[in-house]
Structures are given as structure tokens and as C-alpha cells.
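Visitor: Sharing a structure below in C-alpha cells format, with a few things to ask.
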Amino acid sequence: TVVAEPSPWNVPNALTVLRILLVPVFVWLVLRLGGDDTVSRWWAWGVFAVAIITDRIDGDLARAKGLVTTFGKVADPIADKALTGAGFISLSMIGEIPWWITIIILARELGITALRFWVIRHGVMPASRGGKIKTFLQALAIGLFVLPLHTFPVELLWRSLAGLVLLAALLVTIATGVDYVIKALKLRTTSDRARMKRERKAAGGG
């Protein structure tokens, strides 16, 4: 019996769409007045926090209520990457995060997305625990750098913490990227599709 997929018009997908719609609002608030407006930065932090909370809620709710849909599977990672990507780019534009770090992180995210499509005929590469830690650290780093804390010694402690979290996020981002590449190469050689292809080739050669 084929089980019909739930309607895409549900609360988890609405939260995912909300997260996507919050991205331009977040960017505008971060960049407002060159990033020097304290009130706008606090609002940006609040918008980012709401977006991150919806990221956690929509997935848990979809699985708990049996509302997992094709739209959600596609839109959810797009929303996540749009939010974190916009965060890193915006913070680099106002000089909070070095561009080279943002470029490495974005290159990794785009590269892994392309890699998933490259191996899609051999199987699906699920998100790993390392990938989830990477996403958490990236979001935490963005949230810390958005905060407009400019009072000594609070600013010194805040920037030190933000820098350490950013470094950890960068290292985990690179490490998980390498891990995904290794898994993708292995999947292309060990999948049922690859095995059948080798068998057909051997039969033809014989």
C-alpha cells in the first residue's frame, strides 16, 4: 500500500518559509548604517535567534507529527544555508569577520551541496553528527558577532569568545567537508549501482 505524502501546507513548512523570509530582514538590520547602529544590531540578533529556533522546531515537529514532506526536505537545508551564508557575508561586509573565513565556509557549503548531487544516483548522504555540530557552531559564532557589546571589559571577553567559537566552527567545517568527500568517493565505489555496473562490465568482458 502506497502511503500518501502529507500536504505541504503544514506548520513545519510554514516555519521553514518564515526562516527564509527572515533572511533579508536580518541582513538589512545587520548592514543598517554600516553596522554601527546598536538598536538595529540588537534587532538583528533577535531575528536571527527566532530563525534558529524555528530551525529546531520545524524538523522536530515534522517528524513527531508525521508531516515530513518533499518540500520540507528541500526547503529546510536551503533555509539553513541561506541564513548562515547571509550571516557570514553580512558580518564580513561590516568588517566583523575576515572575508577569507567566510569564503572558505561558503565554498565548503556549496561544494558539499554539489557533491550530494554528484552521488545522488548511488545513494543519499545523510547529515552527520559532525555536520550538526558544524551548523551549531556556525550559528553560535554569527550570533555572538552580531551582538553589539561595546563596553570594556565585556567587549574584550565577548570578542575573545566569539573568535574562539568562529575558529572552532571553521575547523569543524573543514574537517566535516573532508569527511563528506571521503564518504562520497566510497559511496560511488561501494553502492549497489556501482557493484551492478562492475558486474555488467565483467560479464561483458568475459
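Ordering of the C-alpha cells sets the chain letters (A, B, ...), residue numbers begin anew at 1 in every chain, and ligands are numbered from 1 in the order given.
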Which residues in chain A does DSSP call helix (DSSP H, G or I)? List them as an NGL selection string.
Guide: :A and (11-35 or 38-64 or 70-93 or 99-118 or 129-146 or 154-190 or 192-205)
Visitor: Using 10 Å as the limit and counting only C-alpha atoms, can you tabulate each residue of stretch 33-129 of chain A that touches stretch 171-195 of chain A, with its shortest atom-to-atom distance in Å and the two atoms involved, as JSON lines?
Guide:
{"residue": "A:Ile104", "atom": "CA", "partner": "A:Ile174", "partner_atom": "CA", "distance": 8.2}
{"residue": "A:Ile105", "atom": "CA", "partner": "A:Thr173", "partner_atom": "CA", "distance": 6.7}
{"residue": "A:Leu106", "atom": "CA", "partner": "A:Thr173", "partner_atom": "CA", "distance": 9.8}
{"residue": "A:Ala107", "atom": "CA", "partner": "A:Gly177", "partner_atom": "CA", "distance": 9.9}
{"residue": "A:Arg108", "atom": "CA", "partner": "A:Gly177", "partner_atom": "CA", "distance": 6.3}
{"residue": "A:Glu109", "atom": "CA", "partner": "A:Gly177", "partner_atom": "CA", "distance": 8.1}
{"residue": "A:Gly111", "atom": "CA", "partner": "A:Gly177", "partner_atom": "CA", "distance": 8.4}
{"residue": "A:Ile112", "atom": "CA", "partner": "A:Gly177", "partner_atom": "CA", "distance": 6.8}
{"residue": "A:Leu115", "atom": "CA", "partner": "A:Ala184", "partner_atom": "CA", "distance": 7.2}
{"residue": "A:Arg116", "atom": "CA", "partner": "A:Ala184", "partner_atom": "CA", "distance": 7.7}
{"residue": "A:Trp118", "atom": "CA", "partner": "A:Ala184", "partner_atom": "CA", "distance": 8.4}
{"residue": "A:Val119", "atom": "CA", "partner": "A:Arg188", "partner_atom": "CA", "distance": 6.5}
{"residue": "A:Ile120", "atom": "CA", "partner": "A:Arg188", "partner_atom": "CA", "distance": 9.4}
{"residue": "A:Arg121", "atom": "CA", "partner": "A:Arg193", "partner_atom": "CA", "distance": 7.7}
{"residue": "A:His122", "atom": "CA", "partner": "A:Ser191", "partner_atom": "CA", "distance": 5.7}
{"residue": "A:Gly123", "atom": "CA", "partner": "A:Ser191", "partner_atom": "CA", "distance": 7.2}
{"residue": "A:Val124", "atom": "CA", "partner": "A:Leu187", "partner_atom": "CA", "distance": 9.2}
{"residue": "A:Met125", "atom": "CA", "partner": "A:Ala184", "partner_atom": "CA", "distance": 7.6}
{"residue": "A:Pro126", "atom": "CA", "partner": "A:Tyr180", "partner_atom": "CA", "distance": 9.8}
{"residue": "A:Ala127", "atom": "CA", "partner": "A:Tyr180", "partner_atom": "CA", "distance": 9.4}
{"residue": "A:Ser128", "atom": "CA", "partner": "A:Thr176", "partner_atom": "CA", "distance": 8.4}
{"residue": "A:Arg129", "atom": "CA", "partner": "A:Thr176", "partner_atom": "CA", "distance": 9.4}
Visitor: Using only C-alpha atoms, find the one residue out of A:Leu147, A:Ala51, A:Leu156, A:Leu164 that sits nearest to A:Val39.
Guide: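 Looking only at the distances to A:Val39, the closest residue turns out to be A:Leu147.
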Visitor: Could you check how far atom CA of A:Lys134 sits from atom CA of A:Leu67, in Å to one decimal?
Guide: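 Atom CA of A:Leu67 lies at a distance of 26.0 Å from atom CA of A:Lys134.
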Visitor: Tell me, in Å to one decimal, how far atom CA of A:Asp80 is from atom CA of A:Pro148.
Guide: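 Computing it gives 23.3 Å between the two atoms.
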Visitor: Using only C-alpha atoms, which protein or nucleic acid residues come within 7 Å of A:Pro12? Drop anything in the same chain fewer than 6 positions from it, and give the result as a PyMOL selection string.
Guide: chain A and resi 58-59+61-62
Visitor: Compile the contact shell of A:Glu5 as a list in words: residues with an atom at most 9 Å away, counting only C-alpha atoms, same-chain residues fewer than 3 positions apart removed.
Guide: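 Those residues are Pro8, Leu67, Val68, Thr69 and Thr70 of chain A.
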Visitor: Might you pull out every residue within 9 Å of A:Phe26, with only C-alpha atoms counted and same-chain residues fewer than 5 positions away left off, and present them as a PDB file with N, CA and C atoms, in the first residue's frame?
Guide:
ATOM      1  N   LEU A  31      23.322  45.345   8.300  1.00  0.00           N
ATOM      2  CA  LEU A  31      24.030  46.319   7.460  1.00  0.00           C
ATOM      3  C   LEU A  31      23.565  47.756   7.669  1.00  0.00           C
ATOM      4  N   TRP A  43      18.177  44.135  17.221  1.00  0.00           N
ATOM      5  CA  TRP A  43      17.038  43.584  16.483  1.00  0.00           C
ATOM      6  C   TRP A  43      17.497  42.457  15.562  1.00  0.00           C
ATOM      7  N   ALA A  44      18.656  42.645  14.934  1.00  0.00           N
ATOM      8  CA  ALA A  44      19.204  41.609  14.050  1.00  0.00           C
ATOM      9  C   ALA A  44      19.462  40.328  14.841  1.00  0.00           C
ATOM     10  N   TRP A  45      20.007  40.489  16.041  1.00  0.00           N
ATOM     11  CA  TRP A  45      20.261  39.328  16.888  1.00  0.00           C
ATOM     12  C   TRP A  45      18.952  38.619  17.231  1.00  0.00           C
ATOM     13  N   GLY A  46      17.909  39.408  17.530  1.00  0.00           N
ATOM     14  CA  GLY A  46      16.613  38.830  17.858  1.00  0.00           C
ATOM     15  C   GLY A  46      16.005  38.068  16.686  1.00  0.00           C
ATOM     16  N   VAL A  47      16.104  38.651  15.488  1.00  0.00           N
ATOM     17  CA  VAL A  47      15.587  37.991  14.284  1.00  0.00           C
ATOM     18  C   VAL A  47      16.353  36.699  14.024  1.00  0.00           C
ATOM     19  N   PHE A  48      17.671  36.749  14.192  1.00  0.00           N
ATOM     20  CA  PHE A  48      18.497  35.560  13.971  1.00  0.00           C
ATOM     21  C   PHE A  48      18.144  34.470  14.977  1.00  0.00           C
ATOM     22  N   LEU A  83      20.463  31.335   5.641  1.00  0.00           N
ATOM     23  CA  LEU A  83      20.584  32.111   6.880  1.00  0.00           C
ATOM     24  C   LEU A  83      22.036  32.243   7.314  1.00  0.00           C
ATOM     25  N   ALA A  86      24.118  34.213   4.652  1.00  0.00           N
ATOM     26  CA  ALA A  86      23.830  35.648   4.729  1.00  0.00           C
ATOM     27  C   ALA A  86      24.480  36.262   5.960  1.00  0.00           C
ATOM     28  N   GLY A  87      24.503  35.491   7.053  1.00  0.00           N
ATOM     29  CA  GLY A  87      25.128  35.989   8.277  1.00  0.00           C
ATOM     30  C   GLY A  87      26.612  36.233   8.102  1.00  0.00           C
TER      31      GLY A  87
END
Visitor: Quick one: residues within 8 Å of stretch 88-90 of chain A, only C-alpha atoms counted, chain neighbours fewer than 4 positions away excluded, as a list of chain:residue names?
Guide: A:Val27, A:Val30, A:Leu31, A:Thr84, A:Ile94, A:Ile97, A:Trp99, A:Thr102, A:Ile142
Visitor: Neighbours of A:Val50 within 10 Å (only C-alpha atoms; same-chain residues fewer than 6 positions away dropped), as number ranges by chain?
Guide: A: 18-19, 22, 44
Visitor: Take atom CA of A:Asp60 and atom CA of A:Val23 and report the distance between them in Å, one decimal.
Guide: 21.3 Å
